[in-house]
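Shown below: my_file37.cif, with mmCIF, C-alpha atoms.
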```cif
data_work
loop_
_atom_site.label_atom_id
_atom_site.label_comp_id
_atom_site.auth_asym_id
_atom_site.auth_seq_id
_atom_site.Cartn_x
_atom_site.Cartn_y
_atom_site.Cartn_z
CA MET D 1 65.91 3.01 -57.41
CA ASP D 2 66.01 -0.48 -55.87
CA GLU D 3 62.87 -2.60 -55.88
CA LYS D 4 62.39 -2.55 -52.09
CA THR D 5 62.38 1.26 -52.03
CA ARG D 6 59.93 1.32 -54.91
CA GLN D 7 57.56 -1.10 -53.16
CA ASP D 8 57.77 0.88 -49.92
CA LEU D 9 56.87 4.07 -51.79
CA LEU D 10 54.00 2.37 -53.58
CA LYS D 11 52.59 1.30 -50.21
CA LEU D 12 52.64 4.96 -49.15
CA PHE D 13 50.90 5.85 -52.41
CA GLU D 14 48.27 3.16 -51.89
CA GLY D 15 47.58 4.45 -48.38
CA LYS D 16 46.45 7.74 -49.93
CA LEU D 17 43.98 6.13 -52.33
CA ASN D 18 40.68 6.78 -50.64
CA GLN D 19 37.51 7.22 -52.68
CA ALA D 20 37.97 10.98 -53.15
CA MET D 21 41.59 10.61 -54.25
CA ARG D 22 40.74 7.96 -56.83
CA LEU D 23 38.01 10.23 -58.14
CA TYR D 24 40.47 13.11 -58.52
CA LEU D 25 43.05 10.92 -60.23
CA GLU D 26 40.58 9.48 -62.70
CA THR D 27 38.38 12.48 -63.52
CA CYS D 28 40.62 15.15 -65.09
CA SER D 29 39.64 15.65 -68.75
CA ARG D 30 42.50 18.09 -69.46
CA CYS D 31 39.94 20.72 -70.46
CA GLY D 32 42.38 23.53 -69.72
CA VAL D 33 40.03 25.58 -67.52
CA CYS D 34 42.58 25.56 -64.69
CA THR D 35 45.48 26.66 -66.91
CA GLU D 36 45.27 30.38 -66.18
CA ALA D 37 44.14 29.83 -62.58
CA CYS D 38 47.64 29.18 -61.26
CA HIS D 39 49.59 32.30 -60.32
CA VAL D 40 52.83 30.54 -61.29
CA TYR D 41 51.64 29.79 -64.81
CA ALA D 42 50.07 33.25 -65.16
CA SER D 43 53.42 34.77 -64.20
CA MET D 44 55.65 32.28 -66.04
CA PRO D 45 53.58 30.56 -68.77
CA GLN D 46 55.29 27.17 -69.01
CA ALA D 47 53.42 23.88 -69.37
CA LYS D 48 55.05 22.39 -66.25
CA TYR D 49 53.27 25.02 -64.13
CA ILE D 50 49.75 24.10 -65.27
CA ALA D 51 47.83 22.50 -62.38
CA ALA D 52 46.66 19.59 -64.56
CA TYR D 53 50.25 18.96 -65.70
CA ARG D 54 51.48 18.74 -62.09
CA ALA D 55 48.68 16.32 -61.29
CA GLU D 56 49.44 14.29 -64.40
CA ILE D 57 52.91 13.44 -63.05
CA VAL D 58 51.23 11.70 -60.10
CA ARG D 59 48.41 10.33 -62.25
CA ARG D 60 50.77 8.48 -64.61
CA ILE D 61 52.43 6.65 -61.70
CA TYR D 62 48.94 5.79 -60.47
CA LYS D 63 48.05 4.35 -63.90
CA LYS D 64 51.23 2.29 -64.01
CA TYR D 65 50.84 0.56 -60.64
CA PHE D 66 47.17 0.77 -59.69
CA LYS D 67 45.31 0.36 -63.00
CA SER D 68 45.30 -2.86 -65.02
CA GLN D 69 45.69 -0.96 -68.30
CA GLY D 70 48.90 0.61 -67.03
CA ARG D 71 50.26 -2.73 -65.86
CA PHE D 72 49.56 -4.64 -69.06
CA TRP D 73 49.45 -1.93 -71.76
CA PRO D 74 51.50 0.96 -70.32
CA SER D 75 51.95 2.69 -73.69
CA LEU D 76 48.18 3.15 -74.12
CA GLY D 77 47.62 4.87 -70.79
CA GLN D 78 50.73 7.04 -70.77
CA SER D 79 51.77 5.39 -67.53
CA LYS D 80 55.13 6.08 -65.90
CA ASP D 81 57.59 4.05 -63.84
CA LEU D 82 58.45 5.23 -60.34
CA THR D 83 62.15 6.01 -60.72
CA GLU D 84 64.70 8.52 -59.42
CA MET D 85 63.84 10.73 -62.39
CA ALA D 86 60.17 10.50 -61.49
CA LEU D 87 61.03 11.68 -57.95
CA GLU D 88 62.78 14.72 -59.40
CA GLU D 89 59.64 15.54 -61.40
CA LEU D 90 57.50 15.06 -58.30
CA TYR D 91 59.72 17.46 -56.36
CA GLU D 92 59.45 20.19 -58.98
CA ALA D 93 55.68 19.73 -59.17
CA ALA D 94 55.14 19.68 -55.39
CA TYR D 95 57.38 22.64 -54.60
CA SER D 96 56.19 24.86 -57.42
CA CYS D 97 52.65 24.51 -56.04
CA THR D 98 51.69 26.59 -53.00
CA GLY D 99 48.55 24.57 -52.23
CA CYS D 100 46.38 27.65 -52.69
CA ARG D 101 43.59 25.67 -54.43
CA ARG D 102 42.73 28.52 -56.80
CA CYS D 103 42.74 25.93 -59.60
CA MET D 104 40.11 23.93 -57.70
CA VAL D 105 37.56 26.75 -57.69
CA TYR D 106 37.86 26.97 -61.48
CA CYS D 107 37.76 23.21 -62.11
CA PRO D 108 34.33 22.06 -63.40
CA PHE D 109 34.83 18.77 -61.52
CA GLY D 110 36.20 20.30 -58.31
CA ILE D 111 39.44 18.30 -58.52
CA ASP D 112 41.63 19.08 -55.52
CA THR D 113 45.12 19.40 -56.96
CA GLN D 114 46.56 19.98 -53.49
CA MET D 115 45.35 16.55 -52.39
CA ILE D 116 47.08 15.04 -55.41
CA MET D 117 50.24 16.97 -54.55
CA SER D 118 50.06 15.49 -51.05
CA ILE D 119 50.87 12.14 -52.69
CA ALA D 120 53.92 13.70 -54.34
CA LYS D 121 55.14 15.13 -51.04
CA LEU D 122 54.55 11.87 -49.17
CA LEU D 123 56.57 9.92 -51.75
CA LEU D 124 59.40 12.44 -51.40
CA VAL D 125 59.33 12.03 -47.61
CA GLY D 126 59.38 8.25 -48.01
CA ALA D 127 62.38 8.48 -50.33
CA HIS D 128 64.14 11.00 -48.04
CA ALA D 129 64.11 13.44 -50.94
CA GLU D 130 62.05 16.20 -49.31
CA PRO D 131 63.56 19.58 -48.30
CA GLU D 132 65.69 18.67 -45.29
CA ILE D 133 65.10 21.97 -43.49
CA LEU D 134 61.32 21.38 -43.32
CA THR D 135 61.76 17.95 -41.76
CA MET D 136 64.32 19.32 -39.30
CA LEU D 137 61.93 22.11 -38.23
CA ALA D 138 59.10 19.60 -37.84
CA ASP D 139 61.27 17.34 -35.69
CA THR D 140 62.25 20.32 -33.52
CA SER D 141 58.57 21.06 -32.87
CA ILE D 142 57.93 17.44 -31.95
CA ALA D 143 60.93 17.38 -29.61
CA LYS D 144 59.62 20.44 -27.77
CA GLY D 145 56.34 18.66 -27.16
CA GLU D 146 58.17 15.65 -25.77
CA SER D 147 60.55 17.65 -23.53
CA LEU D 148 58.52 20.65 -22.42
CA GLU D 149 60.21 20.96 -19.02
CA ILE D 150 63.54 21.66 -20.73
CA PHE D 151 62.05 24.65 -22.57
CA ARG D 152 59.66 25.83 -19.87
CA GLU D 153 61.96 28.06 -17.78
CA GLY D 154 63.42 29.90 -20.77
CA PHE D 155 59.97 30.38 -22.29
CA LEU D 156 58.52 31.89 -19.11
CA ALA D 157 61.52 34.23 -18.76
CA GLY D 158 60.99 35.41 -22.32
CA ILE D 159 57.31 36.08 -21.69
CA LYS D 160 58.15 38.20 -18.62
CA ARG D 161 60.31 40.42 -20.84
CA LEU D 162 57.46 40.79 -23.34
CA GLU D 163 55.01 41.80 -20.59
CA ALA D 164 56.98 45.00 -20.00
CA GLU D 165 56.56 45.93 -23.67
CA VAL D 166 52.79 45.37 -23.50
CA VAL D 167 52.50 47.60 -20.43
CA ALA D 168 54.69 50.31 -21.97
CA LYS D 169 52.66 50.56 -25.17
CA TRP D 170 49.15 49.59 -24.05
CA GLN D 171 49.12 50.43 -20.33
CA SER D 172 45.35 50.81 -20.07
CA GLN D 173 44.82 47.50 -21.89
CA ALA D 174 47.46 45.54 -20.01
CA GLY D 175 45.20 44.01 -17.37
CA ASP D 176 46.29 42.48 -14.06
CA THR D 177 48.14 39.50 -15.53
CA VAL D 178 49.60 40.83 -18.76
CA ILE D 179 50.42 37.53 -20.48
CA PRO D 180 48.96 34.56 -18.56
CA VAL D 181 50.56 31.19 -19.19
CA ASP D 182 49.39 27.70 -18.20
CA LYS D 183 46.16 29.08 -16.72
CA GLN D 184 43.77 26.32 -15.73
CA GLY D 185 40.14 26.99 -16.65
CA ALA D 186 40.86 29.82 -19.09
CA ASP D 187 38.15 30.36 -21.69
CA LEU D 188 40.62 30.82 -24.56
CA LEU D 189 44.01 29.30 -25.36
CA TYR D 190 46.01 31.51 -27.72
CA VAL D 191 48.54 29.66 -29.89
CA ALA D 192 51.09 32.16 -31.20
CA LEU D 193 54.13 32.09 -33.42
CA ALA D 194 57.63 32.37 -32.04
CA GLY D 195 58.30 36.07 -31.71
CA ALA D 196 57.11 39.23 -29.98
CA HIS D 197 55.18 40.40 -33.06
CA SER D 198 52.75 37.50 -32.62
CA ILE D 199 52.32 37.82 -28.86
CA ILE D 200 52.44 41.50 -27.82
CA PRO D 201 49.59 42.92 -29.99
CA ALA D 202 47.45 39.86 -29.29
CA ALA D 203 47.93 40.28 -25.53
CA ALA D 204 46.88 43.94 -25.77
CA VAL D 205 43.65 43.07 -27.59
CA PHE D 206 42.77 40.12 -25.35
CA ASN D 207 43.27 42.23 -22.25
CA ALA D 208 41.34 45.18 -23.70
CA ALA D 209 38.43 42.79 -24.34
CA ARG D 210 38.75 41.45 -20.76
CA GLU D 211 39.24 37.97 -22.15
CA ASN D 212 39.91 35.09 -19.76
CA TRP D 213 42.84 33.76 -21.79
CA THR D 214 46.14 31.96 -21.57
CA LEU D 215 49.13 31.64 -23.89
CA SER D 216 50.16 28.26 -25.27
CA PHE D 217 53.65 26.91 -24.64
CA PHE D 218 53.78 25.80 -28.27
CA GLU D 219 54.22 27.68 -31.53
CA ALA D 220 51.34 27.42 -33.99
CA VAL D 221 53.14 26.63 -37.24
CA ASN D 222 52.94 23.00 -38.36
CA PHE D 223 56.03 22.13 -40.40
CA GLY D 224 54.78 18.57 -40.72
CA ALA D 225 52.01 19.89 -42.97
CA PHE D 226 54.49 21.93 -45.04
CA VAL D 227 56.64 18.90 -45.72
CA GLY D 228 53.60 16.70 -46.31
CA ASP D 229 54.25 14.12 -43.59
CA PRO D 230 50.94 13.01 -41.97
CA THR D 231 52.71 11.42 -38.99
CA ARG D 232 54.68 14.54 -38.10
CA THR D 233 51.64 16.73 -38.78
CA LYS D 234 49.60 14.74 -36.28
CA LEU D 235 52.31 14.74 -33.60
CA ILE D 236 52.71 18.54 -33.83
CA LEU D 237 48.93 19.00 -33.77
CA GLU D 238 48.48 16.75 -30.75
CA ARG D 239 50.75 18.93 -28.57
CA ILE D 240 48.22 21.76 -28.74
CA VAL D 241 45.17 19.51 -28.48
CA GLY D 242 46.64 17.91 -25.36
CA GLU D 243 47.42 21.28 -23.79
CA ALA D 244 43.91 22.59 -24.50
CA LYS D 245 42.34 19.52 -22.89
CA ARG D 246 44.65 19.69 -19.88
CA LEU D 247 43.76 23.33 -19.24
CA GLY D 248 40.06 22.76 -19.90
CA VAL D 249 39.70 25.71 -22.29
CA LYS D 250 36.55 26.38 -24.31
CA GLU D 251 38.29 27.79 -27.38
CA VAL D 252 41.64 27.47 -29.14
CA CYS D 253 42.57 30.64 -31.01
CA ILE D 254 45.21 30.27 -33.70
CA CYS D 255 47.39 33.26 -34.52
CA GLU D 256 47.95 34.66 -38.00
CA CYS D 257 49.26 31.45 -39.56
CA GLY D 258 47.14 30.04 -42.38
CA THR D 259 48.35 26.44 -42.36
CA ALA D 260 48.29 26.23 -38.56
CA PHE D 261 44.66 27.36 -38.50
CA ARG D 262 43.51 25.06 -41.30
CA VAL D 263 45.27 22.03 -39.78
CA MET D 264 43.80 22.68 -36.33
CA LYS D 265 40.34 23.48 -37.70
CA GLN D 266 40.02 20.71 -40.28
CA LEU D 267 42.30 17.90 -39.12
CA SER D 268 41.94 17.78 -35.33
CA GLY D 269 38.58 16.02 -35.43
CA PRO D 270 35.79 16.46 -32.83
CA GLN D 271 37.17 18.15 -29.69
CA PRO D 272 35.68 19.57 -26.47
CA PHE D 273 36.71 23.07 -27.59
CA GLN D 274 36.04 25.23 -30.64
CA VAL D 275 38.80 26.38 -32.98
CA SER D 276 38.98 30.00 -34.19
CA SER D 277 41.41 32.20 -36.02
CA ILE D 278 42.50 35.39 -34.28
CA THR D 279 40.69 37.30 -37.05
CA GLN D 280 37.40 35.65 -36.11
CA VAL D 281 37.99 36.44 -32.43
CA HIS D 282 38.76 40.11 -33.14
CA ALA D 283 35.62 40.43 -35.28
CA ARG D 284 33.60 38.94 -32.42
CA TYR D 285 35.03 41.42 -29.92
CA ILE D 286 34.04 44.35 -32.16
CA ARG D 287 30.57 42.92 -32.78
CA GLU D 288 29.98 42.42 -29.04
CA GLY D 289 31.31 45.88 -28.18
CA ARG D 290 34.20 44.48 -26.16
CA ILE D 291 36.74 46.58 -28.06
CA LYS D 292 36.46 49.74 -30.17
CA LEU D 293 38.79 50.86 -32.97
CA ASP D 294 39.72 54.30 -34.22
CA PRO D 295 39.63 54.35 -38.06
CA SER D 296 41.37 57.74 -38.13
CA LYS D 297 44.55 55.81 -37.33
CA ASN D 298 44.47 54.56 -40.95
CA PRO D 299 43.53 57.48 -43.21
CA GLU D 300 45.43 56.31 -46.31
CA PRO D 301 44.17 53.77 -48.88
CA LEU D 302 44.43 50.25 -47.48
CA THR D 303 43.97 46.80 -49.03
CA TYR D 304 43.81 43.31 -47.56
CA HIS D 305 45.29 40.06 -48.86
CA ASP D 306 43.19 36.98 -48.05
CA PRO D 307 45.54 34.15 -47.03
CA CYS D 308 44.58 31.12 -49.13
CA GLN D 309 44.55 28.68 -46.21
CA ILE D 310 42.37 30.93 -44.06
CA ALA D 311 40.01 32.30 -46.71
CA ARG D 312 39.66 30.06 -49.77
CA ASN D 313 40.50 26.84 -47.91
CA ALA D 314 38.84 27.54 -44.53
CA GLY D 315 36.10 30.09 -45.26
CA VAL D 316 37.24 33.04 -43.12
CA ILE D 317 36.30 35.81 -45.57
CA ASP D 318 33.66 38.06 -43.99
CA GLU D 319 35.38 38.57 -40.63
CA PRO D 320 38.46 40.50 -41.82
CA ARG D 321 36.21 42.79 -43.85
CA TYR D 322 34.04 43.42 -40.82
CA ILE D 323 37.17 44.42 -38.90
CA LEU D 324 38.33 46.66 -41.75
CA GLN D 325 34.98 48.50 -41.75
CA HIS D 326 35.92 49.68 -38.26
CA LEU D 327 39.63 50.01 -38.92
CA ALA D 328 40.08 51.90 -42.18
CA SER D 329 38.44 54.89 -43.84
CA ASP D 330 39.54 53.97 -47.39
CA TYR D 331 39.49 50.19 -47.88
CA ARG D 332 40.04 48.75 -51.37
CA GLU D 333 39.46 45.14 -52.45
CA LEU D 334 42.19 43.25 -54.26
CA ALA D 335 39.73 41.05 -56.16
CA PRO D 336 35.98 41.40 -56.92
CA GLU D 337 35.42 37.99 -55.29
CA PRO D 338 37.87 37.08 -52.48
CA ILE D 339 37.64 33.37 -53.28
CA TYR D 340 39.37 34.11 -56.61
CA ASN D 341 42.13 36.22 -55.06
CA TRP D 342 45.63 35.47 -56.31
CA CYS D 343 47.86 33.51 -53.93
CA CYS D 344 50.74 35.53 -52.49
CA GLY D 345 53.12 32.87 -53.81
CA GLY D 346 54.77 31.88 -50.55
CA GLY D 347 52.68 28.98 -49.27
CA GLY D 348 53.33 25.24 -49.28
CA GLY D 349 56.59 25.67 -47.35
CA LEU D 350 58.22 27.92 -49.96
CA VAL D 351 58.73 30.86 -47.59
CA ALA D 352 60.14 28.51 -44.96
CA LEU D 353 62.82 27.48 -47.46
CA GLY D 354 64.06 31.08 -47.47
CA GLU D 355 66.68 32.23 -49.96
CA GLU D 356 66.56 28.89 -51.74
CA THR D 357 63.15 29.76 -53.21
CA LEU D 358 63.36 33.57 -53.30
CA ASP D 359 64.05 33.95 -57.02
CA PHE D 360 61.24 31.54 -57.93
CA ARG D 361 58.84 33.19 -55.48
CA MET D 362 59.43 36.61 -56.97
CA LYS D 363 59.15 35.54 -60.61
CA SER D 364 56.14 33.29 -60.02
CA SER D 365 54.18 36.01 -58.20
CA ARG D 366 54.38 38.81 -60.74
CA VAL D 367 50.58 38.73 -61.17
CA LYS D 368 50.15 39.21 -57.41
CA ALA D 369 52.40 42.25 -57.43
CA GLU D 370 50.43 43.70 -60.34
CA GLN D 371 47.15 43.04 -58.53
CA VAL D 372 48.37 44.92 -55.46
CA ARG D 373 49.78 47.82 -57.46
CA LYS D 374 46.45 48.38 -59.26
CA THR D 375 44.65 49.14 -55.98
CA GLY D 376 46.72 52.27 -55.39
CA ALA D 377 46.84 51.33 -51.71
CA LYS D 378 49.53 52.62 -49.39
CA THR D 379 49.09 49.87 -46.82
CA LEU D 380 48.75 46.15 -47.47
CA CYS D 381 47.67 44.03 -44.53
CA THR D 382 47.18 40.31 -44.18
CA ALA D 383 46.45 37.67 -41.53
CA CYS D 384 49.21 35.12 -42.17
CA GLU D 385 52.91 35.07 -41.30
CA ASN D 386 53.99 33.42 -44.55
CA CYS D 387 51.89 35.85 -46.58
CA HIS D 388 53.39 38.79 -44.68
CA THR D 389 56.93 37.61 -45.44
CA GLN D 390 56.18 36.91 -49.09
CA LEU D 391 54.30 40.18 -49.62
CA SER D 392 57.15 42.10 -47.97
CA ASP D 393 59.59 40.45 -50.38
CA LEU D 394 57.31 41.31 -53.32
CA ASN D 395 57.01 44.88 -52.08
CA GLN D 396 60.77 45.25 -52.16
CA HIS D 397 61.37 43.30 -55.39
CA TYR D 398 58.69 45.08 -57.43
CA GLN D 399 59.13 48.44 -55.66
CA LEU D 400 55.45 48.71 -54.78
CA GLY D 401 56.04 51.45 -52.22
CA LEU D 402 53.73 49.90 -49.63
CA GLU D 403 53.76 49.31 -45.92
CA VAL D 404 53.00 45.64 -45.24
CA LYS D 405 51.30 44.98 -41.90
CA PHE D 406 49.61 42.26 -39.90
CA LEU D 407 45.87 42.79 -39.47
CA SER D 408 46.05 41.88 -35.78
CA SER D 409 48.79 44.46 -35.17
CA MET D 410 46.63 47.11 -36.83
CA VAL D 411 43.75 46.19 -34.54
CA ALA D 412 46.01 46.63 -31.51
CA GLU D 413 47.37 49.95 -32.77
CA ALA D 414 43.85 51.30 -33.34
CA LEU D 415 42.40 50.32 -29.93
CA VAL D 416 40.35 53.03 -28.30
CA PRO D 417 41.26 53.08 -24.57
#
```
Would you write out, as structure tokens, the structure that this file holds?
Amino acid sequence: MDEKTRQDLLKLFEGKLNQAMRLYLETCSRCGVCTEACHVYASMPQAKYIAAYRAEIVRRIYKKYFKSQGRFWPSLGQSKDLTEMALEELYEAAYSCTGCRRCMVYCPFGIDTQMIMSIAKLLLVGAHAEPEILTMLADTSIAKGESLEIFREGFLAGIKRLEAEVVAKWQSQAGDTVIPVDKQGADLLYVALAGAHSIIPAAAVFNAARENWTLSFFEAVNFGAFVGDPTRTKLILERIVGEAKRLGVKEVCICECGTAFRVMKQLSGPQPFQVSSITQVHARYIREGRIKLDPSKNPEPLTYHDPCQIARNAGVIDEPRYILQHLASDYRELAPEPIYNWCCGGGGGLVALGEETLDFRMKSSRVKAEQVRKTGAKTLCTACENCHTQLSDLNQHYQLGLEVKFLSSMVAEALVP
């Protein structure tokens, strides 16, 4: 690595060193409490998969360049030079971590390993050593925001085709305007994923609840966050913020996408609208009597996987259980305390990398498969696209014999006319 590249990367590193980050980098006592907390280590017990070990790779670079002991007596502080080999170690650490933060809830000091891994990902982006597909997907999202008129006609034509499916399946819930788009003064802006599975059931429920809603032109997923690029993350986020302000909505509802919800909820700053997950909105509709569900639609044992970004990292825990009280007659918890639930193993961009990470995702999530199998459930539902994909892969790989569903789709299927 040439010296200019190294200095550029160190400037990126320094930009991350706020008070909290310095605390995390300097506090770890290597007590080992987090060792068994990581689903990867629990499934494949190797030292490189311990949360503290991953963080130590970043910490040693920090000691070398940002601590006087590392600069003058590097051997005493186990400091490490920022080299090409160090970048390879950072890559393995960053992309074997799903950002689930289960280690954080076990840590006696509350060290946020995911924040430390954000340094690793940023250095990889700066060195152009990140997964290329994630950057390409992020740039595609940004380009759509910059050239909306190019995509507008095709998008609207696609929505018209979906409206017919909503009417065919949920005629009494379809409403006058089945899928409203670009509706000024709507109370709720729904930000979906690309695909009918994210739009059709949601439209049925919104219309059944007589919601004054409109569909966003943009997809919810934020690939900038997956790749760990703050600039791209902000640009993708601002498309939706700008649309919500232009339409004057009171609420932005994020579909079943954990990272999209957490980014919008926690990184958008103060806005003239509130941010909710679709799970929170559905729970509100039930509570207010705006929709009713038929639990006889789900007579078999059912369990629910809490997406890490929505539950552990954003606090949406009670709402899905409230929905399930009205949705299922035999609900079974995966974990005694949802905050300690095992990660599905597909977060942090791993699912988005597809076949490239499949073998690792299956091996590293053995404990998740075992957790699901122990419930004896016949249906496994969740509220996150990545989780759904990963759990479906686990279901096939470990022959769990389950049906994996989206919680929002189950709500739509169980609507009482």
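Between atom CA of D:Val205 and atom CA of D:Leu415 the interatomic distance comes to 7.7 Å.
The shortest atom-to-atom distance to D:Leu215, with only C-alpha atoms taken into account, belongs to D:Val191 out of D:Cys103, D:Val191, D:Ala202, D:Val33.
Applied to the shown file, the PyMOL selection byres ((chain D and resi 362-378) around 7) selects the residues His39, Val40, Ala42, Ser43, Met44, Glu300, Pro301, Leu302, Thr303, Arg332, Leu334, Trp342, Cys344, Gly345, Leu358, Asp359, Phe360, Arg361, Thr379, Leu380, Leu394, Tyr398, Leu400, Leu402 and Glu403 of chain D.
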How would the residues just picked look written out with C-alpha atoms as a short mmCIF file (atom, residue, chain, number, x, y, z; two decimals), keeping the file's coordinate frame?
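Output (part17.cif):
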```
data_model
loop_
_atom_site.label_atom_id
_atom_site.label_comp_id
_atom_site.auth_asym_id
_atom_site.auth_seq_id
_atom_site.Cartn_x
_atom_site.Cartn_y
_atom_site.Cartn_z
CA HIS D 39 49.59 32.30 -60.32
CA VAL D 40 52.83 30.54 -61.29
CA ALA D 42 50.07 33.25 -65.16
CA SER D 43 53.42 34.77 -64.20
CA MET D 44 55.65 32.28 -66.04
CA GLU D 300 45.43 56.31 -46.31
CA PRO D 301 44.17 53.77 -48.88
CA LEU D 302 44.43 50.25 -47.48
CA THR D 303 43.97 46.80 -49.03
CA ARG D 332 40.04 48.75 -51.37
CA LEU D 334 42.19 43.25 -54.26
CA TRP D 342 45.63 35.47 -56.31
CA CYS D 344 50.74 35.53 -52.49
CA GLY D 345 53.12 32.87 -53.81
CA LEU D 358 63.36 33.57 -53.30
CA ASP D 359 64.05 33.95 -57.02
CA PHE D 360 61.24 31.54 -57.93
CA ARG D 361 58.84 33.19 -55.48
CA THR D 379 49.09 49.87 -46.82
CA LEU D 380 48.75 46.15 -47.47
CA LEU D 394 57.31 41.31 -53.32
CA TYR D 398 58.69 45.08 -57.43
CA LEU D 400 55.45 48.71 -54.78
CA LEU D 402 53.73 49.90 -49.63
CA GLU D 403 53.76 49.31 -45.92
#
```
How would you write, as a PDB file with C-alpha atoms, keeping the file's coordinate frame, the residues chosen by the PyMOL selection byres ((chain D and resi 86-101) around 7) on this structure?
```pdb
ATOM      1  CA  ARG D  54      51.480  18.740 -62.090  1.00  0.00           C
ATOM      2  CA  ILE D  57      52.910  13.440 -63.050  1.00  0.00           C
ATOM      3  CA  LEU D  82      58.450   5.230 -60.340  1.00  0.00           C
ATOM      4  CA  THR D  83      62.150   6.010 -60.720  1.00  0.00           C
ATOM      5  CA  GLU D  84      64.700   8.520 -59.420  1.00  0.00           C
ATOM      6  CA  MET D  85      63.840  10.730 -62.390  1.00  0.00           C
ATOM      7  CA  ARG D 102      42.730  28.520 -56.800  1.00  0.00           C
ATOM      8  CA  CYS D 103      42.740  25.930 -59.600  1.00  0.00           C
ATOM      9  CA  MET D 104      40.110  23.930 -57.700  1.00  0.00           C
ATOM     10  CA  VAL D 105      37.560  26.750 -57.690  1.00  0.00           C
ATOM     11  CA  ASP D 112      41.630  19.080 -55.520  1.00  0.00           C
ATOM     12  CA  THR D 113      45.120  19.400 -56.960  1.00  0.00           C
ATOM     13  CA  GLN D 114      46.560  19.980 -53.490  1.00  0.00           C
ATOM     14  CA  MET D 117      50.240  16.970 -54.550  1.00  0.00           C
ATOM     15  CA  ALA D 120      53.920  13.700 -54.340  1.00  0.00           C
ATOM     16  CA  LYS D 121      55.140  15.130 -51.040  1.00  0.00           C
ATOM     17  CA  LEU D 124      59.400  12.440 -51.400  1.00  0.00           C
ATOM     18  CA  CYS D 308      44.580  31.120 -49.130  1.00  0.00           C
ATOM     19  CA  GLN D 309      44.550  28.680 -46.210  1.00  0.00           C
ATOM     20  CA  CYS D 343      47.860  33.510 -53.930  1.00  0.00           C
ATOM     21  CA  GLY D 345      53.120  32.870 -53.810  1.00  0.00           C
ATOM     22  CA  GLY D 346      54.770  31.880 -50.550  1.00  0.00           C
ATOM     23  CA  GLY D 347      52.680  28.980 -49.270  1.00  0.00           C
ATOM     24  CA  GLY D 348      53.330  25.240 -49.280  1.00  0.00           C
TER      25      GLY D 348
END
```
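Using the PyMOL selection byres ((chain D and resi 136-140) around 8) on this structure selects Glu132, Ile133, Leu134, Thr135, Ser141, Ile142, Ala143, Lys144, Asn222, Phe223, Gly224, Arg232 and Ile236 of chain D.
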